[in-house]
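Step one of this worksheet: look at the structure below.
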Amino acid sequence: MDFSWSEEHQAFRKEVQAFIRANWSGGSERGDDEASRNYVKAMADNGWLTLAWPKEYGGRGASHFQQLIFMEECSINGVPNGGQGADRVGPVLMIHGTQKQKEEHLPKIARGEVSWCQGFSEPGAGSDLASLQTRAVRDGDDFVINGQKIWTSGARHADWIHVLTRTDPQAAKHRGITYFMLNMKTPGINVRPIQQMHGGAEFNETFFEDVRVPAANIIGEENRGWYIAATALDFERSGIFRMAGMIGPFNRLAEFAKQPDSAGAGRRIVDTQEHRLKLADTATEMIVARYLGYRVTWMQSKGLVPNAESSISKSFGTELQQRNARRGVSMLGLYGLLAKGEPRAPLGGEYGHLYLSTVSATIAGGTSEVNRNIIATRGLGLPRG
Ligand SMILES: Cc1cc2nc3c(=O)[nH]c(=O)nc-3n(C[C@H](O)[C@H](O)[C@H](O)COP(=O)(O)OP(=O)(O)OC[C@H]3O[C@@H](n4cnc5c(N)ncnc54)[C@H](O)[C@@H]3O)c2cc1C
């Protein structure tokens, strides 16, 4: 088995790195401030935003491994990777959209002019998403939407939302769902940020009160939205970005550990045997996580459909993010818990922040418990509990 990258892949990685070096001048990885929006624009101008799109839609038709390398480098360097429009909504429209929808939305997404958010989860529907209750009722050529979404990442800054609604309450729960696109400026949509424990407010509650949306904004067919949303969720690929996002913080922690301990006369933090072993554990587990992600990509590149393999990669990778954060703060001592911006915070408060922010990693995109159910039933063939 050959684990090395081909020359072509190595050259591609260098091309990505060169683009990031030339265009990134700081900003938010989520792409929600001016500097990062300008960066996303530069990505669009240089064809990086639509890297994965087929050539017929103006993309580069990149291979699965090129996309993986691209995502890895974005995460390692803490830069935006394009967002949901290019990643999710565009590909769904290519498969299920009408000609008019494609003509209206794909060019704007490709030019980086619009940002999208995802309105799927509700207060009573997360893991069991098909229980969603937000209602859309037909009224002539329109539908009228009432209900509430929650955990809508980026909703405050988004221009458009793709949203799942219940259109047939009598049908079996997977069969009465319709998938809409809405402009976030439509009257009746209200967004309320949710304060998070690390100080940020990336999530939101999104309320719909008598919101009118033309039937022409349905993606796919009425009442078939569940199956189309499944396509959208499929576009979340190997999840390699989660693991790759750890590389920078881990390397900085390992470097820091070689420095003299600020409290102890010349003693280095790594002199503590426990910490040395913890760093060694994380280094080992990071390689495992990386290859679990590569396996998912490899399967996709062969036309196979990863299932339990994605769940293994997701749960292992996100639990490792949390372990790394815990090991980091314990190594850094009491100062390690200080927040970003505190003058005495080691590593600029990066680990205090990670300790709080990685809690959500094992929830977003499928919880660890749900993933373990998938590994047990679909991977191991065990009966349902
Ligand atoms: C960082 C982040 C970003 C997100 N962004 C978005 C977004 O942009 N748009 C959006 O729509 N949603 C978003 N979400 C919501 C996310 O999809 C849900 O949080 C997730 O699906 C879990 O749903 P829930 O929070 O309702 O928890 P629940 O489903 O209520 O789960 C509660 C607990 O019960 C456990 N549980 C549930 N079912 C089972 C089962 N069958 N077996 C065993 N245990 C079970 C879960 O593992 C969990 O521990 C985001 C979440 C996070 C954390």
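In the structure tokens, chains take the letters A, B, ... in the order shown, each chain's residues start at 1, and ligands count up from 1 in the order shown.
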Discussion item. Using only C-alpha atoms and all ligand atoms, which residues have at least one atom no more than 10 Å from ligand 1? Output them as a PyMOL selection string.
Written reply: chain A and resi 84+116-129+149-155+161-164+202-206+357-374+384-385
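The protein and nucleic acid residues lying at most 12 Å from Ser36 (chain A) are Ile20, Asn23, Trp24, Ser25, Gly26, Gly27, Ser28, Glu29, Arg30, Gly31, Asp32, Asp33, Glu34, Asn38, Tyr39, Val40, Lys41, Ala42, Met43, Gly78, Val79, Pro80, Asn81, Gly82, Gly83 and Gly112 of chain A, with only C-alpha atoms considered and sequence neighbours fewer than 2 positions away removed.
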Discussion item. Report as a list in words all protein, DNA and RNA residues lying within 12 Å of region 170-173 of chain A, evaluated on only C-alpha atoms, omitting residues in the same chain fewer than 5 positions from it.
Written reply: Ala125, Asp128, Leu129, Ala130, Ser131, Leu132, Gln133, Thr165, Thr178, Asn223, Arg224, Gly225, Trp226 and Tyr227 of chain A
Item to complete: as a ChimeraX atom specification, list the residues of region 45-286 of chain A assigned to alpha helix (DSSP H) by DSSP on the backbone atoms of this structure.
Response: /A:45,64-76,84,90-96,99-110,225-234,240-257,273-286
Fill in: Contacts of Ile109 (chain A) at 9 Å (only C-alpha atoms; same-chain gap of 2+ positions) as a list in words
Ala44, Leu49, Thr50, Gly85, Ala86, Val89, Gly90, His105, Leu106, Pro107, Arg111, Gly112, Glu113, Val114 and Ser115 of chain A
Worksheet entry | Residue among A:Met286, A:Val329, A:Met94, A:Ala11 lying closest to Gly245 (chain A), counting only C-alpha atoms |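 Looking only at the distances to Gly245 (chain A), the closest residue turns out to be A:Met286.
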Item to complete: For Gly317 (chain A), list every protein, DNA or RNA residue within 7 Å, evaluated using only C-alpha atoms, and leave out those in the same chain fewer than 4 positions away; present the list as a ChimeraX atom specification.
Response: /A:242-243,289,313,321
Worksheet entry | Which of region 141-373 of chain A DSSP labels strand (DSSP E), written as a PyMOL selection string | chain A and resi 142-150+160-166+177-183+189-193+204-214
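Residues in contact with Ile228 (chain A) at up to 8 Å, not including ones fewer than 2 positions away on its chain and judged by only C-alpha atoms, are Val92, His96, Tyr179, Ile219, Gly220, Arg224, Gly225, Trp226, Ala230, Thr231 and Ala232 of chain A.
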Dump of all heavy atoms for the selected residues, as a compact mmCIF listing (two decimals), in the first residue's frame:
# COMPACT_ATOMS: atom_id res chain seq x y z
N VAL A 92 -26.82 20.66 -5.07
CA VAL A 92 -28.21 20.17 -5.00
C VAL A 92 -29.01 20.73 -6.17
O VAL A 92 -29.79 20.00 -6.82
CB VAL A 92 -28.86 20.55 -3.65
CG1 VAL A 92 -30.37 20.33 -3.69
CG2 VAL A 92 -28.26 19.74 -2.52
N HIS A 96 -31.25 18.70 -8.73
CA HIS A 96 -32.71 18.75 -8.55
C HIS A 96 -33.35 20.06 -8.98
O HIS A 96 -34.58 20.16 -8.99
CB HIS A 96 -33.06 18.52 -7.06
CG HIS A 96 -32.56 17.22 -6.51
ND1 HIS A 96 -33.16 16.02 -6.80
CD2 HIS A 96 -31.53 16.94 -5.69
CE1 HIS A 96 -32.51 15.05 -6.17
NE2 HIS A 96 -31.52 15.58 -5.50
N TYR A 179 -38.84 21.27 0.45
CA TYR A 179 -37.54 21.97 0.57
C TYR A 179 -37.62 23.27 -0.21
O TYR A 179 -37.86 23.26 -1.42
CB TYR A 179 -36.50 21.03 -0.04
CG TYR A 179 -35.04 21.27 0.24
CD1 TYR A 179 -34.59 22.29 1.06
CD2 TYR A 179 -34.09 20.42 -0.33
CE1 TYR A 179 -33.24 22.45 1.30
CE2 TYR A 179 -32.74 20.59 -0.10
CZ TYR A 179 -32.32 21.61 0.71
OH TYR A 179 -30.98 21.76 0.94
N ILE A 219 -37.27 23.39 -4.09
CA ILE A 219 -36.22 22.58 -4.73
C ILE A 219 -36.79 21.17 -4.88
O ILE A 219 -37.19 20.55 -3.89
CB ILE A 219 -34.93 22.52 -3.90
CG1 ILE A 219 -34.47 23.92 -3.48
CG2 ILE A 219 -33.83 21.80 -4.68
CD1 ILE A 219 -33.19 23.93 -2.63
N GLY A 220 -36.84 20.70 -6.11
CA GLY A 220 -37.42 19.37 -6.37
C GLY A 220 -38.94 19.45 -6.28
O GLY A 220 -39.54 20.50 -6.52
N ARG A 224 -41.41 16.00 -1.40
CA ARG A 224 -40.28 15.08 -1.62
C ARG A 224 -38.99 15.66 -1.05
O ARG A 224 -37.89 15.19 -1.36
CB ARG A 224 -40.10 14.80 -3.12
CG ARG A 224 -41.29 14.17 -3.79
CD ARG A 224 -41.45 12.71 -3.47
NE ARG A 224 -40.33 11.91 -3.89
CZ ARG A 224 -40.07 10.68 -3.45
NH1 ARG A 224 -40.87 10.14 -2.54
NH2 ARG A 224 -39.04 10.01 -3.87
N GLY A 225 -39.13 16.69 -0.22
CA GLY A 225 -37.96 17.44 0.25
C GLY A 225 -36.98 16.60 1.06
O GLY A 225 -35.78 16.84 1.04
N TRP A 226 -37.49 15.60 1.78
CA TRP A 226 -36.63 14.80 2.64
C TRP A 226 -35.52 14.14 1.81
O TRP A 226 -34.35 14.11 2.20
CB TRP A 226 -37.45 13.73 3.37
CG TRP A 226 -36.59 12.85 4.21
CD1 TRP A 226 -36.16 11.59 3.92
CD2 TRP A 226 -35.99 13.21 5.46
NE1 TRP A 226 -35.34 11.13 4.92
CE2 TRP A 226 -35.23 12.10 5.88
CE3 TRP A 226 -36.04 14.35 6.27
CZ2 TRP A 226 -34.50 12.10 7.06
CZ3 TRP A 226 -35.32 14.35 7.46
CH2 TRP A 226 -34.56 13.23 7.84
N ALA A 230 -31.43 14.84 1.75
CA ALA A 230 -30.43 13.78 1.95
C ALA A 230 -29.27 13.98 0.97
O ALA A 230 -28.12 13.76 1.31
CB ALA A 230 -31.07 12.41 1.75
N THR A 231 -29.58 14.44 -0.26
CA THR A 231 -28.50 14.73 -1.23
C THR A 231 -27.63 15.84 -0.67
O THR A 231 -26.41 15.79 -0.76
CB THR A 231 -29.07 15.23 -2.58
OG1 THR A 231 -30.27 14.56 -2.88
CG2 THR A 231 -28.07 15.11 -3.70
N ALA A 232 -28.30 16.88 -0.08
CA ALA A 232 -27.54 18.02 0.44
C ALA A 232 -26.59 17.54 1.53
O ALA A 232 -25.42 17.94 1.56
CB ALA A 232 -28.49 19.08 1.01
